[in-house]
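Raw structure-v3.pdb, PDB, C-alpha atoms:
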ATOM      1  CA  MET A   1       0.000   0.000   0.000
ATOM      2  CA  ALA A   2       1.308   3.431  -0.957
ATOM      3  CA  THR A   3       2.453   5.642   1.863
ATOM      4  CA  CYS A   4       1.904   9.354   2.140
ATOM      5  CA  ALA A   5       4.499  11.514   0.377
ATOM      6  CA  SER A   6       6.130  14.408   2.192
ATOM      7  CA  ASP A   7       4.206  17.018   0.163
ATOM      8  CA  GLU A   8       0.804  15.363   0.690
ATOM      9  CA  TRP A   9      -0.141  17.349   3.767
ATOM     10  CA  LEU A  10      -3.749  16.085   4.007
ATOM     11  CA  CYS A  11      -2.687  12.434   3.758
ATOM     12  CA  ASN A  12      -0.076  12.941   6.472
ATOM     13  CA  TRP A  13      -2.535  14.839   8.659
ATOM     14  CA  VAL A  14      -5.201  12.069   8.445
ATOM     15  CA  LEU A  15      -2.537   9.395   9.008
ATOM     16  CA  ASP A  16      -1.263  11.174  12.112
ATOM     17  CA  ARG A  17      -4.781  11.525  13.518
ATOM     18  CA  THR A  18      -6.120   8.052  12.710
ATOM     19  CA  GLY A  19      -3.102   5.843  12.028
ATOM     20  CA  ASN A  20      -5.081   4.360   9.091
ATOM     21  CA  GLN A  21      -3.087   4.431   5.817
ATOM     22  CA  PRO A  22      -5.998   3.444   3.491
ATOM     23  CA  LEU A  23      -8.168   6.161   5.007
ATOM     24  CA  ALA A  24      -5.373   8.670   4.611
ATOM     25  CA  ASN A  25      -4.959   7.734   0.905
ATOM     26  CA  VAL A  26      -8.708   7.995   0.281
ATOM     27  CA  ALA A  27      -8.862  11.379   2.006
ATOM     28  CA  ASP A  28      -5.990  12.600  -0.124
ATOM     29  CA  TRP A  29      -7.641  11.500  -3.386
ATOM     30  CA  VAL A  30     -11.157  12.629  -2.443
ATOM     31  CA  VAL A  31     -10.283  15.936  -0.805
ATOM     32  CA  GLY A  32      -6.592  16.760  -1.251
ATOM     33  CA  LYS A  33      -6.199  16.246  -5.026
ATOM     34  CA  PRO A  34      -9.422  18.046  -6.031
ATOM     35  CA  SER A  35      -8.592  20.908  -3.687
ATOM     36  CA  ALA A  36      -5.146  21.247  -5.254
ATOM     37  CA  LEU A  37      -6.580  21.109  -8.773
ATOM     38  CA  VAL A  38      -9.243  23.688  -7.967
ATOM     39  CA  GLY A  39      -6.563  25.863  -6.387
ATOM     40  CA  LEU A  40      -4.477  25.678  -9.580
ATOM     41  CA  VAL A  41      -7.466  26.708 -11.685
ATOM     42  CA  VAL A  42      -8.269  29.599  -9.357
ATOM     43  CA  ILE A  43      -4.637  30.756  -9.383
ATOM     44  CA  GLY A  44      -4.547  30.561 -13.181
ATOM     45  CA  LEU A  45      -7.744  32.586 -13.541
ATOM     46  CA  LEU A  46      -6.485  35.144 -11.027
ATOM     47  CA  VAL A  47      -3.147  35.550 -12.814
ATOM     48  CA  ARG A  48      -4.917  35.845 -16.153
ATOM     49  CA  TRP A  49      -7.300  38.482 -14.755
ATOM     50  CA  LEU A  50      -4.471  40.544 -13.289
ATOM     51  CA  LEU A  51      -2.445  40.439 -16.507
ATOM     52  CA  HIS A  52      -5.521  41.394 -18.557
ATOM     53  CA  ARG A  53      -6.092  44.357 -16.260
ATOM     54  CA  VAL A  54      -2.524  45.500 -16.846
ATOM     55  CA  ILE A  55      -2.969  45.122 -20.610
ATOM     56  CA  ASP A  56      -6.266  47.065 -20.522
ATOM     57  CA  ARG A  57      -4.552  49.892 -18.684
ATOM     58  CA  VAL A  58      -1.742  50.026 -21.226
ATOM     59  CA  VAL A  59      -4.278  49.968 -24.076
ATOM     60  CA  ARG A  60      -6.232  52.891 -22.582
ATOM     61  CA  GLN A  61      -3.054  54.942 -22.282
ATOM     62  CA  ALA A  62      -2.155  54.106 -25.877
ATOM     63  CA  GLU A  63      -5.637  55.129 -27.065
ATOM     64  CA  VAL A  64      -5.370  58.581 -25.489
ATOM     65  CA  GLY A  65      -1.893  59.310 -26.827
ATOM     66  CA  MET A  66       0.243  62.302 -25.925
ATOM     67  CA  LEU A  67       1.726  63.651 -29.155
ATOM     68  CA  PRO A  68      -1.459  65.254 -30.537
ATOM     69  CA  ASP A  69      -2.083  67.082 -27.235
ATOM     70  CA  ARG A  70       1.434  68.482 -27.205
ATOM     71  CA  LEU A  71       1.103  69.594 -30.801
ATOM     72  CA  SER A  72      -2.208  71.265 -30.046
ATOM     73  CA  ARG A  73      -0.676  73.174 -27.120
ATOM     74  CA  ALA A  74       2.298  74.190 -29.236
ATOM     75  CA  VAL A  75       0.205  75.381 -32.178
ATOM     76  CA  THR A  76      -1.104  78.705 -30.858
ATOM     77  CA  GLY A  77      -1.065  82.173 -32.338
ATOM     78  CA  GLY A  78      -0.124  83.352 -35.796
ATOM     79  CA  LYS A  79      -1.470  82.572 -39.234
ATOM     80  CA  VAL A  80       0.757  79.591 -39.895
ATOM     81  CA  ALA A  81       0.046  78.189 -36.444
ATOM     82  CA  GLY A  82      -3.683  78.533 -37.001
ATOM     83  CA  ARG A  83      -3.478  76.719 -40.302
ATOM     84  CA  VAL A  84      -1.414  73.910 -38.793
ATOM     85  CA  GLY A  85      -3.894  73.627 -35.943
ATOM     86  CA  ALA A  86      -6.775  73.469 -38.390
ATOM     87  CA  ALA A  87      -4.993  70.761 -40.353
ATOM     88  CA  LEU A  88      -4.441  68.771 -37.183
ATOM     89  CA  ASN A  89      -8.086  69.153 -36.232
ATOM     90  CA  LEU A  90      -9.093  67.786 -39.628
ATOM     91  CA  GLY A  91      -7.285  64.568 -38.909
ATOM     92  CA  GLU A  92      -7.965  64.467 -35.169
ATOM     93  CA  ASP A  93     -10.954  62.142 -35.361
ATOM     94  CA  ALA A  94      -9.252  59.859 -37.888
ATOM     95  CA  GLY A  95      -6.041  59.871 -35.871
ATOM     96  CA  TYR A  96      -7.856  59.038 -32.650
ATOM     97  CA  THR A  97      -9.800  56.241 -34.341
ATOM     98  CA  ARG A  98      -6.571  54.888 -35.750
ATOM     99  CA  ARG A  99      -4.860  54.925 -32.356
ATOM    100  CA  VAL A 100      -7.864  53.149 -30.818
ATOM    101  CA  GLN A 101      -7.844  50.477 -33.524
ATOM    102  CA  ARG A 102      -4.115  49.885 -33.232
ATOM    103  CA  ALA A 103      -4.207  49.771 -29.435
ATOM    104  CA  ALA A 104      -7.221  47.426 -29.452
ATOM    105  CA  THR A 105      -5.506  45.092 -31.917
ATOM    106  CA  MET A 106      -2.314  44.941 -29.894
ATOM    107  CA  GLY A 107      -4.303  44.513 -26.669
ATOM    108  CA  SER A 108      -6.280  41.617 -28.132
ATOM    109  CA  LEU A 109      -3.073  39.987 -29.346
ATOM    110  CA  LEU A 110      -1.356  40.359 -25.963
ATOM    111  CA  LYS A 111      -4.416  38.993 -24.158
ATOM    112  CA  SER A 112      -4.471  35.943 -26.421
ATOM    113  CA  ILE A 113      -0.779  35.305 -25.792
ATOM    114  CA  VAL A 114      -1.159  35.739 -22.028
ATOM    115  CA  THR A 115      -4.190  33.442 -21.931
ATOM    116  CA  GLY A 116      -2.411  30.743 -23.925
ATOM    117  CA  VAL A 117       0.741  30.854 -21.801
ATOM    118  CA  VAL A 118      -1.116  30.883 -18.467
ATOM    119  CA  PHE A 119      -3.392  27.999 -19.330
ATOM    120  CA  ALA A 120      -0.532  25.992 -20.830
ATOM    121  CA  VAL A 121       1.408  26.339 -17.559
ATOM    122  CA  ILE A 122      -1.676  25.494 -15.479
ATOM    123  CA  ALA A 123      -2.393  22.454 -17.652
ATOM    124  CA  LEU A 124       1.142  21.119 -17.099
ATOM    125  CA  MET A 125       0.858  21.711 -13.353
ATOM    126  CA  PHE A 126      -2.578  20.031 -13.434
ATOM    127  CA  ILE A 127      -1.101  16.916 -15.053
ATOM    128  CA  SER A 128       1.832  16.906 -12.659
ATOM    129  CA  GLU A 129      -0.528  17.151  -9.690
ATOM    130  CA  LEU A 130      -2.314  14.019 -10.902
ATOM    131  CA  GLY A 131       0.979  12.156 -10.561
ATOM    132  CA  TYR A 132       2.056  11.941 -14.207
ATOM    133  CA  ASP A 133       5.536  12.774 -15.449
ATOM    134  CA  ILE A 134       5.408  15.941 -17.541
ATOM    135  CA  ALA A 135       8.994  15.751 -18.819
ATOM    136  CA  PRO A 136       7.984  13.775 -21.964
ATOM    137  CA  LEU A 137       5.216  16.282 -22.618
ATOM    138  CA  ILE A 138       7.630  19.204 -22.420
ATOM    139  CA  ALA A 139      10.071  17.440 -24.744
ATOM    140  CA  SER A 140       7.297  16.576 -27.183
ATOM    141  CA  ALA A 141       6.046  20.153 -27.140
ATOM    142  CA  GLY A 142       9.532  21.377 -27.969
ATOM    143  CA  ILE A 143       9.837  18.966 -30.891
ATOM    144  CA  LEU A 144       6.341  19.887 -32.118
ATOM    145  CA  GLY A 145       7.185  23.577 -31.920
ATOM    146  CA  VAL A 146      10.316  23.071 -34.001
ATOM    147  CA  ALA A 147       8.371  21.033 -36.565
ATOM    148  CA  LEU A 148       5.652  23.683 -36.824
ATOM    149  CA  GLY A 149       8.284  26.389 -37.069
ATOM    150  CA  PHE A 150       9.873  24.716 -40.084
ATOM    151  CA  GLY A 151       6.602  23.660 -41.688
ATOM    152  CA  ALA A 152       4.790  26.992 -41.308
ATOM    153  CA  GLN A 153       7.634  29.456 -41.832
ATOM    154  CA  THR A 154       5.599  31.582 -44.229
ATOM    155  CA  LEU A 155       2.641  31.780 -41.854
ATOM    156  CA  VAL A 156       4.866  32.666 -38.905
ATOM    157  CA  LYS A 157       6.653  35.285 -41.023
ATOM    158  CA  ASP A 158       3.326  36.847 -42.012
ATOM    159  CA  PHE A 159       2.113  37.018 -38.413
ATOM    160  CA  LEU A 160       5.364  38.478 -37.068
ATOM    161  CA  SER A 161       5.452  41.069 -39.844
ATOM    162  CA  GLY A 162       1.834  41.974 -39.126
ATOM    163  CA  ILE A 163       2.573  42.424 -35.424
ATOM    164  CA  PHE A 164       5.472  44.789 -36.088
ATOM    165  CA  MET A 165       3.537  46.704 -38.757
ATOM    166  CA  ILE A 166       0.700  47.378 -36.326
ATOM    167  CA  PHE A 167       3.013  48.085 -33.402
ATOM    168  CA  GLU A 168       5.180  50.511 -35.421
ATOM    169  CA  ASP A 169       2.134  52.135 -37.054
ATOM    170  CA  GLN A 170       3.568  51.785 -40.542
ATOM    171  CA  TYR A 171       0.089  52.213 -42.012
ATOM    172  CA  GLY A 172      -3.552  51.961 -41.023
ATOM    173  CA  VAL A 173      -7.054  51.838 -42.446
ATOM    174  CA  GLY A 174      -7.656  54.793 -44.763
ATOM    175  CA  ASP A 175      -3.996  55.425 -45.600
ATOM    176  CA  VAL A 176      -2.841  55.654 -49.210
ATOM    177  CA  VAL A 177       0.250  53.478 -49.541
ATOM    178  CA  ASP A 178       2.601  52.024 -52.109
ATOM    179  CA  LEU A 179       3.516  48.417 -51.299
ATOM    180  CA  GLY A 180       5.503  47.804 -54.461
ATOM    181  CA  GLU A 181       3.362  45.524 -56.597
ATOM    182  CA  ALA A 182       0.152  47.118 -55.331
ATOM    183  CA  SER A 183      -0.756  50.642 -54.293
ATOM    184  CA  GLY A 184      -3.991  52.214 -53.128
ATOM    185  CA  THR A 185      -6.118  52.883 -50.059
ATOM    186  CA  ILE A 186      -5.877  50.515 -47.092
ATOM    187  CA  GLU A 187      -9.257  48.931 -46.306
ATOM    188  CA  ALA A 188      -8.272  46.362 -43.678
ATOM    189  CA  VAL A 189      -5.166  45.340 -41.764
ATOM    190  CA  SER A 190      -4.911  41.970 -40.035
ATOM    191  CA  LEU A 191      -1.994  40.091 -38.550
ATOM    192  CA  ARG A 192      -1.582  38.023 -41.727
ATOM    193  CA  VAL A 193      -2.972  39.982 -44.686
ATOM    194  CA  THR A 194      -3.363  43.627 -45.699
ATOM    195  CA  ARG A 195      -6.269  44.506 -47.999
ATOM    196  CA  LEU A 196      -6.117  47.603 -50.187
ATOM    197  CA  ARG A 197      -8.048  48.989 -53.161
ATOM    198  CA  ASP A 198      -6.319  50.793 -56.026
ATOM    199  CA  VAL A 199      -7.623  53.766 -58.009
ATOM    200  CA  ASN A 200      -9.276  51.444 -60.542
ATOM    201  CA  GLY A 201     -11.300  49.704 -57.830
ATOM    202  CA  THR A 202      -9.269  46.497 -57.816
ATOM    203  CA  VAL A 203      -8.924  44.920 -54.368
ATOM    204  CA  TRP A 204      -5.448  43.609 -53.550
ATOM    205  CA  TYR A 205      -4.649  41.137 -50.777
ATOM    206  CA  VAL A 206      -0.998  41.373 -49.761
ATOM    207  CA  ARG A 207       0.581  38.984 -47.257
ATOM    208  CA  ASN A 208       2.378  40.960 -44.576
ATOM    209  CA  GLY A 209       5.481  38.798 -44.874
ATOM    210  CA  GLU A 210       5.812  39.815 -48.548
ATOM    211  CA  VAL A 211       5.854  43.550 -47.826
ATOM    212  CA  LEU A 212       9.500  44.612 -48.122
ATOM    213  CA  ARG A 213       8.911  48.370 -48.230
ATOM    214  CA  VAL A 214       6.030  50.720 -47.521
ATOM    215  CA  GLY A 215       5.527  54.171 -48.988
ATOM    216  CA  ASN A 216       2.861  55.927 -46.902
ATOM    217  CA  MET A 217       1.411  59.078 -48.472
ATOM    218  CA  SER A 218      -0.964  59.834 -45.580
ATOM    219  CA  GLN A 219       1.077  60.276 -42.414
ATOM    220  CA  ASN A 220       1.473  63.667 -40.719
ATOM    221  CA  TRP A 221       1.566  65.846 -43.859
ATOM    222  CA  ALA A 222       1.902  65.713 -47.625
ATOM    223  CA  ARG A 223       3.258  67.941 -50.388
ATOM    224  CA  THR A 224       1.847  69.005 -53.725
ATOM    225  CA  VAL A 225       4.636  69.195 -56.296
ATOM    226  CA  LEU A 226       3.412  70.923 -59.446
ATOM    227  CA  ASP A 227       5.594  71.230 -62.559
ATOM    228  CA  VAL A 228       4.522  73.845 -65.089
ATOM    229  CA  THR A 229       6.180  73.822 -68.519
ATOM    230  CA  VAL A 230       6.433  77.127 -70.444
ATOM    231  CA  GLY A 231       8.048  78.003 -73.751
ATOM    232  CA  TYR A 232      11.615  79.225 -74.108
ATOM    233  CA  THR A 233      10.386  82.636 -75.285
ATOM    234  CA  GLU A 234       8.546  83.418 -72.056
ATOM    235  CA  ASP A 235       9.832  85.844 -69.409
ATOM    236  CA  LEU A 236      10.794  83.604 -66.469
ATOM    237  CA  VAL A 237      10.647  86.496 -63.977
ATOM    238  CA  LYS A 238       7.045  87.167 -64.932
ATOM    239  CA  VAL A 239       6.217  83.460 -64.927
ATOM    240  CA  ARG A 240       7.651  83.081 -61.428
ATOM    241  CA  GLN A 241       5.713  86.106 -60.174
ATOM    242  CA  VAL A 242       2.439  84.801 -61.615
ATOM    243  CA  LEU A 243       2.981  81.348 -60.087
ATOM    244  CA  GLU A 244       3.663  82.922 -56.689
ATOM    245  CA  GLU A 245       0.498  85.009 -56.911
ATOM    246  CA  VAL A 246      -1.636  82.020 -57.913
ATOM    247  CA  ALA A 247      -0.207  79.851 -55.137
ATOM    248  CA  HIS A 248      -0.677  82.562 -52.500
ATOM    249  CA  SER A 249      -4.245  83.213 -53.654
ATOM    250  CA  LEU A 250      -4.933  79.562 -52.912
ATOM    251  CA  TRP A 251      -3.113  79.904 -49.578
ATOM    252  CA  ASP A 252      -5.325  82.901 -48.640
ATOM    253  CA  ASP A 253      -8.551  81.237 -49.815
ATOM    254  CA  GLU A 254     -10.741  80.438 -46.796
ATOM    255  CA  ASP A 255     -12.067  77.340 -48.551
ATOM    256  CA  PHE A 256      -8.602  75.809 -48.258
ATOM    257  CA  THR A 257      -7.912  76.787 -44.647
ATOM    258  CA  GLY A 258      -6.468  73.754 -42.909
ATOM    259  CA  GLN A 259      -5.658  72.015 -46.182
ATOM    260  CA  ILE A 260      -2.531  74.057 -46.970
ATOM    261  CA  ILE A 261      -0.452  74.181 -43.799
ATOM    262  CA  GLU A 262       2.595  76.168 -44.935
ATOM    263  CA  GLU A 263       3.211  79.117 -47.222
ATOM    264  CA  PRO A 264       3.630  77.956 -50.840
ATOM    265  CA  GLU A 265       7.029  78.087 -52.482
ATOM    266  CA  VAL A 266       8.126  78.522 -56.083
ATOM    267  CA  TRP A 267      11.382  76.636 -56.370
ATOM    268  CA  GLY A 268      12.107  77.985 -59.830
ATOM    269  CA  VAL A 269      13.486  76.316 -62.919
ATOM    270  CA  GLU A 270      13.461  72.565 -62.436
ATOM    271  CA  SER A 271      14.733  71.501 -65.848
ATOM    272  CA  LEU A 272      15.338  72.613 -69.421
ATOM    273  CA  GLY A 273      13.624  70.074 -71.617
ATOM    274  CA  VAL A 274      12.960  69.552 -75.281
ATOM    275  CA  GLU A 275       9.400  70.853 -74.989
ATOM    276  CA  GLY A 276      10.168  73.863 -72.776
ATOM    277  CA  ILE A 277      11.258  75.155 -69.388
ATOM    278  CA  VAL A 278       9.841  73.385 -66.322
ATOM    279  CA  MET A 279       8.987  75.610 -63.312
ATOM    280  CA  ARG A 280       8.243  73.890 -59.999
ATOM    281  CA  VAL A 281       5.734  75.011 -57.336
ATOM    282  CA  THR A 282       5.305  73.227 -53.987
ATOM    283  CA  LEU A 283       2.581  73.424 -51.343
ATOM    284  CA  LYS A 284       2.693  71.584 -48.003
ATOM    285  CA  THR A 285      -0.742  70.133 -47.342
ATOM    286  CA  ALA A 286      -2.698  68.074 -44.867
ATOM    287  CA  PRO A 287      -2.617  64.300 -45.433
ATOM    288  CA  LEU A 288      -4.522  63.086 -48.519
ATOM    289  CA  GLN A 289      -5.175  66.664 -49.699
ATOM    290  CA  GLN A 290      -2.193  66.940 -52.066
ATOM    291  CA  TRP A 291      -4.062  65.672 -55.134
ATOM    292  CA  ALA A 292      -7.058  67.981 -54.738
ATOM    293  CA  ILE A 293      -4.733  70.956 -54.222
ATOM    294  CA  ALA A 294      -2.774  70.028 -57.353
ATOM    295  CA  ARG A 295      -5.943  69.895 -59.475
ATOM    296  CA  THR A 296      -7.097  73.294 -58.247
ATOM    297  CA  MET A 297      -3.658  74.776 -58.842
ATOM    298  CA  ARG A 298      -3.604  73.529 -62.445
ATOM    299  CA  GLU A 299      -6.997  75.105 -63.132
ATOM    300  CA  ARG A 300      -5.977  78.458 -61.651
ATOM    301  CA  VAL A 301      -2.561  78.477 -63.309
ATOM    302  CA  LYS A 302      -4.093  77.855 -66.746
ATOM    303  CA  ALA A 303      -6.701  80.590 -66.286
ATOM    304  CA  ARG A 304      -4.116  83.098 -65.044
ATOM    305  CA  PHE A 305      -1.648  82.272 -67.811
ATOM    306  CA  GLU A 306      -4.342  82.884 -70.414
ATOM    307  CA  ALA A 307      -5.142  86.240 -68.800
ATOM    308  CA  GLU A 308      -1.456  87.243 -68.699
ATOM    309  CA  GLY A 309      -0.706  86.042 -72.217
ATOM    310  CA  ILE A 310       1.748  83.366 -71.072
ATOM    311  CA  ASN A 311       1.804  80.352 -73.321
ATOM    312  CA  LEU A 312       2.237  76.858 -71.958
ATOM    313  CA  ALA A 313       4.746  74.769 -73.842
ATOM    314  CA  VAL A 314       3.261  72.821 -76.730
ATOM    315  CA  ALA A 315       4.986  69.715 -77.996
ATOM    316  CA  GLN A 316       6.248  70.195 -81.546
ATOM    317  CA  ARG A 317       7.484  67.534 -83.899
ATOM    318  CA  VAL A 318       9.273  67.986 -87.229
ATOM    319  CA  THR A 319       9.159  65.086 -89.680
ATOM    320  CA  TRP A 320      11.786  64.706 -92.416
ATOM    321  CA  GLN A 321      10.900  62.557 -95.412
ATOM    322  CA  GLN A 322      13.554  61.323 -97.786
ATOM    323  CA  SER A 323      12.643  61.882-101.475
ATOM    324  CA  ALA A 324      12.702  58.868-103.786
ATOM    325  CA  PRO A 325      14.723  59.019-107.127
ATOM    326  CA  SER A 326      12.739  59.251-110.389
ATOM    327  CA  ALA A 327      12.686  56.062-112.442
ATOM    328  CA  ALA A 328      12.994  57.916-115.806
ATOM    329  CA  SER A 329      15.527  60.654-115.145
ATOM    330  CA  GLY A 330      17.289  59.349-112.165
ATOM    331  CA  GLU A 331      16.643  62.739-110.491
ATOM    332  CA  PRO A 332      15.437  62.724-106.891
ATOM    333  CA  THR A 333      11.842  63.824-106.575
ATOM    334  CA  GLU A 334       9.933  64.934-103.517
ATOM    335  CA  LYS A 335       6.911  62.977-102.465
ATOM    336  CA  SER A 336       3.680  64.835-102.165
TER
END
What would the structure in this file look like if it were written as structure tokens?
Amino acid sequence: MATCASDEWLCNWVLDRTGNQPLANVADWVVGKPSALVGLVVIGLLVRWLLHRVIDRVVRQAEVGMLPDRLSRAVTGGKVAGRVGAALNLGEDAGYTRRVQRAATMGSLLKSIVTGVVFAVIALMFISELGYDIAPLIASAGILGVALGFGAQTLVKDFLSGIFMIFEDQYGVGDVVDLGEASGTIEAVSLRVTRLRDVNGTVWYVRNGEVLRVGNMSQNWARTVLDVTVGYTEDLVKVRQVLEEVAHSLWDDEDFTGQIIEEPEVWGVESLGVEGIVMRVTLKTAPLQQWAIARTMRERVKARFEAEGINLAVAQRVTWQQSAPSAASGEPTEKS
């Protein structure tokens, strides 16, 4: 008959009181083992609850954020400051929603990891408490983990890339990005796949592990770069002055308050090409506003150039045709 082990306190206590080994063993199995198992479950649930509370607190702090508040306090007074503040207010709701989504995703991921680890540890302790040797289980789990790691490398790569993309805020829902093979507006971001829709309406599904570079055209601010080509006979001083006036009229337009966040600049001659001289104008804009600003600028530049008598460069092509020799006289003749 099995004797009481040193760590079986209930069995030893009953044996000391009664001197009956079978009764002590029965008491240990009926009361001691279940009590220990229930205690393990309660401890596991308590640890899981505490860790989830910590994660929830971190998620709430991440949702609030601190950078936008500091920017809002710093942006006070002055025309430029007011425009920057207006631009920030335009994206405040979207930025807050994005922070909430990112924090919620990371919180859900951390909770899943914590739950899995805690219950795995409790399960091993549960089996050990029943008297089974858990060393083979631990060894088997290690071998299984290695096998899964080799067999599902692509899946693991996608998940790890997705975690870092979300954690580093490389892009989010609503951003316009260039992922190499596909570019467009992000519609959904998961741990494994990113879904985006291009300008033609095509939906692209890109595995996160295949994303080697990300060009995000929506973060913080954007820039409209407008190249205007004029003929070589035009007065560049006048052209530059007209471009500055058109750009500043857009800057002063109340309809574009908050969309243009810095005073426009005319950088000057960008290149001397075959078709004409390229003048470059730049405007710093709020995110995703650069294309609308560029379209408006083109309309106003064309109208102002027509009023000022400035001609945009027109592509010209000269065709040379070799004349064929006459069959009768041998003289070259020109084709009609």
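Nearest-residue note for Val114 in chain A: choosing from A:Tyr232, A:Phe159, A:Tyr132, A:Trp49, the minimum distance belongs to A:Trp49, counting all atoms listed in the file.
Between CA of Leu179 in chain A and CA of Asn220 in chain A the separation is 18.7 Å.
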Could you spell out the hits of the PyMOL selection byres ((chain A and resi 302-310) around 10) on the shown file, as a ChimeraX atom specification? /A:228,230-231,233-235,238-239,242-243,245-246,297-301,311-313
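Candidate residues A:Phe150, A:Val42, A:Ser183, A:Glu262 were compared for distance to Arg197 in chain A, and the nearest is A:Ser183, using only C-alpha atoms.
Counting all atoms listed in the file, the residue from A:Ala135, A:Leu155, A:Ala182, A:Ile113 that sits nearest to Arg48 in chain A is A:Ile113.
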List the residues selected by the PyMOL selection byres ((chain A and resi 273) around 12) in the file shown, writing them as JSON, numbers by chain. {"A": [228, 229, 230, 231, 232, 269, 270, 271, 272, 274, 275, 276, 277, 278, 279, 313, 314, 315]}
I need the residue set behind the PyMOL selection byres ((chain A and resi 110) around 12) for this file; please write it as a list in words. Arg48, Leu51, His52, Arg53, Val54, Ile55, Asp56, Val58, Val59, Ala103, Ala104, Thr105, Met106, Gly107, Ser108, Leu109, Lys111, Ser112, Ile113, Val114, Thr115, Gly116, Val117, Ile163 and Phe167 of chain A
Skipping near chain neighbours, those fewer than 6 positions away, what residues fall within 8 Å of Ala188 in chain A using all atoms listed in the file, listed as number ranges by chain? A: 172-173, 194-196
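Distances to Gln219 in chain A were evaluated for A:Ala152, A:Leu236, A:Val177, A:Leu37 using all atoms listed in the file, and the minimum falls at A:Val177.
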Gap from CA of Thr224 in chain A to CA of Ile186 in chain A - Å, one decimal: 21.1 Å
Hey, which of A:Ala294, A:Ser161, A:Gly39, A:Glu254 ends up closest to Phe126 in chain A? Count all atoms listed in the file. A:Gly39
To one decimal in Å, tell me the separation between CA of Ala247 in chain A and CA of Pro287 in chain A. 18.5 Å
Could you rebuild range 124-139 of chain A with N, CA and C atoms and give me the result as a CSV table (one decimal), in the coordinates of the input?
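The result, written out as rebuild.csv:
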chain,number,residue,atom,x,y,z
A,124,LEU,N,0.0,22.0,-17.5
A,124,LEU,CA,1.1,21.1,-17.1
A,124,LEU,C,1.2,20.9,-15.6
A,125,MET,N,0.9,21.9,-14.8
A,125,MET,CA,0.9,21.7,-13.4
A,125,MET,C,-0.3,20.8,-13.0
A,126,PHE,N,-1.4,20.9,-13.7
A,126,PHE,CA,-2.6,20.0,-13.4
A,126,PHE,C,-2.2,18.6,-13.6
A,127,ILE,N,-1.5,18.3,-14.8
A,127,ILE,CA,-1.1,16.9,-15.1
A,127,ILE,C,-0.1,16.4,-14.0
A,128,SER,N,0.8,17.3,-13.7
A,128,SER,CA,1.8,16.9,-12.7
A,128,SER,C,1.2,16.6,-11.3
A,129,GLU,N,0.2,17.4,-11.0
A,129,GLU,CA,-0.5,17.2,-9.7
A,129,GLU,C,-1.3,15.8,-9.7
A,130,LEU,N,-1.7,15.3,-10.8
A,130,LEU,CA,-2.3,14.0,-10.9
A,130,LEU,C,-1.3,12.9,-10.8
A,131,GLY,N,0.0,13.2,-10.8
A,131,GLY,CA,1.0,12.2,-10.6
A,131,GLY,C,1.7,11.7,-11.8
A,132,TYR,N,1.4,12.3,-13.0
A,132,TYR,CA,2.1,11.9,-14.2
A,132,TYR,C,3.3,12.7,-14.4
A,133,ASP,N,4.3,12.1,-15.1
A,133,ASP,CA,5.5,12.8,-15.4
A,133,ASP,C,5.3,13.7,-16.6
A,134,ILE,N,5.6,15.0,-16.5
A,134,ILE,CA,5.4,15.9,-17.5
A,134,ILE,C,6.6,16.2,-18.4
A,135,ALA,N,7.8,15.6,-18.0
A,135,ALA,CA,9.0,15.8,-18.8
A,135,ALA,C,8.8,15.3,-20.3
A,136,PRO,N,8.2,14.1,-20.5
A,136,PRO,CA,8.0,13.8,-22.0
A,136,PRO,C,7.1,14.8,-22.7
A,137,LEU,N,6.1,15.3,-22.0
A,137,LEU,CA,5.2,16.3,-22.6
A,137,LEU,C,6.0,17.5,-23.0
A,138,ILE,N,6.8,18.0,-22.1
A,138,ILE,CA,7.6,19.2,-22.4
A,138,ILE,C,8.6,19.0,-23.6
A,139,ALA,N,9.2,17.8,-23.6
A,139,ALA,CA,10.1,17.4,-24.7
A,139,ALA,C,9.3,17.3,-26.0
